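Participant: What follows is a single structure, and I will ask about it in a moment.
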Amino acid sequence: MYLNFQNTPNGRNNQNYIRHGQNEAAATQDTEESDSENESSILTLDTKLTQIAYEDVMQWVEELNKSKQWKKLATKMKLNYQTVKDLEKEEEPVDAFFHQHCSNLTIKRFLNYLTKAGLTSVLAMVRNRIDERYDSSGVQQTPLQEEGNNAPVPAELSNDTHE
């Protein structure tokens, strides 16, 4: 932003330049905020769970907490007995589980584990949140909502250990 005060015989013109500069700065800030909101709302199968809106993640965590479904997911992620027992000692076990063992997963890998665990309610929530069906290479993915049995079709993982 450039403010020109050379040809300003009175303070009134200075005020106009200052207001114009402030308006430009405000417009730039609004644009940046809306751009970041749009980026976080577009999800692909390669999006990491850490990049997803807090509200969405908390809905998934709440669903995983029902009937301790997170333990089924932990089993499919091949967490050992002691890890699960340590998580159970936490004040909020499902939050600790998700933060420590799920947050760095991609949506694709998360869907794969949910599928293996048979957690259809969380699967549906995740599928409903996916807006874009293109991976980073631009190749169109199979639309998850259009599958006949409503189950995702993620590729089998070559290595079942989670990140």
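By order in the structure tokens, chains are A, B, ...; within a chain, residues start at 1; ligands start at 1, following the order shown.
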Please identify all polymer residues within 10 Å of A:His99, counting only C-alpha atoms, omitting same-chain residues fewer than 5 positions from it, and present them as a PyMOL selection string.
Facilitator: chain A and resi 49-50+61+93-94+104
Participant: Would you write out those residues with all heavy atoms, as a tab-separated table (two decimals), in the first residue's frame?
Facilitator:
chain	number	residue	atom	x	y	z
A	49	LEU	N	-6.10	-35.46	8.28
A	49	LEU	CA	-7.16	-35.14	9.23
A	49	LEU	C	-6.85	-33.88	10.02
A	49	LEU	O	-7.76	-33.19	10.48
A	49	LEU	CB	-7.42	-36.32	10.16
A	49	LEU	CG	-7.91	-37.61	9.48
A	49	LEU	CD1	-8.22	-38.68	10.51
A	49	LEU	CD2	-9.10	-37.37	8.59
A	50	THR	N	-5.56	-33.54	10.17
A	50	THR	CA	-5.18	-32.31	10.88
A	50	THR	C	-5.64	-31.06	10.13
A	50	THR	O	-5.72	-30.00	10.72
A	50	THR	CB	-3.65	-32.22	11.07
A	50	THR	OG1	-3.02	-32.36	9.80
A	50	THR	CG2	-3.15	-33.27	12.03
A	61	VAL	N	-15.25	-37.68	16.38
A	61	VAL	CA	-14.75	-38.16	17.67
A	61	VAL	C	-15.93	-38.51	18.58
A	61	VAL	O	-15.92	-39.54	19.26
A	61	VAL	CB	-13.83	-37.10	18.33
A	61	VAL	CG1	-13.55	-37.41	19.78
A	61	VAL	CG2	-12.52	-36.99	17.54
A	93	PRO	N	-10.45	-40.51	26.76
A	93	PRO	CA	-9.71	-41.51	25.97
A	93	PRO	C	-9.87	-41.36	24.47
A	93	PRO	O	-8.88	-41.48	23.73
A	93	PRO	CB	-10.29	-42.84	26.44
A	93	PRO	CG	-10.98	-42.57	27.71
A	93	PRO	CD	-11.36	-41.13	27.71
A	94	VAL	N	-11.08	-41.08	23.99
A	94	VAL	CA	-11.30	-40.99	22.54
A	94	VAL	C	-10.56	-39.79	21.96
A	94	VAL	O	-10.01	-39.87	20.87
A	94	VAL	CB	-12.80	-40.98	22.18
A	94	VAL	CG1	-13.48	-39.72	22.65
A	94	VAL	CG2	-12.99	-41.19	20.69
A	104	ASN	N	-2.79	-37.62	12.04
A	104	ASN	CA	-1.87	-37.50	10.91
A	104	ASN	C	-2.22	-38.42	9.74
A	104	ASN	O	-1.49	-38.46	8.75
A	104	ASN	CB	-0.43	-37.74	11.36
A	104	ASN	CG	0.11	-36.55	12.12
A	104	ASN	OD1	-0.17	-35.41	11.78
A	104	ASN	ND2	0.86	-36.82	13.17
Participant: May I ask for the distance between atom CA of A:Ile42 and atom CA of A:Met125, given in Å to one decimal place?
Facilitator: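 Taking atom CA of A:Ile42 and atom CA of A:Met125, their separation equals 15.2 Å.
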Participant: Measure the distance from atom CA of A:Ile107 to atom CA of A:Leu87 in Å and round it to one decimal.
Facilitator: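 The value is 22.6 Å.
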Participant: Given the choices A:Lys68, A:Lys48, A:Lys116, A:Arg127, which gets closest to A:Glu92 if the distance is worked out from only C-alpha atoms?
Facilitator: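 Of all the options, A:Lys68 lies closest to A:Glu92.
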Participant: Just the residues within 12 Å of A:Ala74, please, counting only C-alpha atoms, with nothing from its chain fewer than 3 positions along; format it as a PyMOL selection string.
Facilitator: chain A and resi 64+68-71+77-85+87-88+93-94+96-98+100-102+110+113-114+116-117+119+160-162
Participant: If you measure from atom CA of A:Leu73 to atom CA of A:Gln59, what distance in Å do you get, rounded to one decimal?
Facilitator: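 Going from atom CA of A:Leu73 over to atom CA of A:Gln59, I get 15.8 Å.
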Participant: I'd like to know which of A:Glu90, A:Lys72, A:Asp95, A:Ser67 is closest to A:Gly118, using only C-alpha atoms.
Facilitator: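 Smallest separation from A:Gly118 among the options: A:Lys72.
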Participant: Measuring atom to atom with only C-alpha atoms, identify which of A:Ile52, A:Leu43, A:Lys66, A:Val57 is nearest to A:Ser121.
Facilitator: A:Lys66
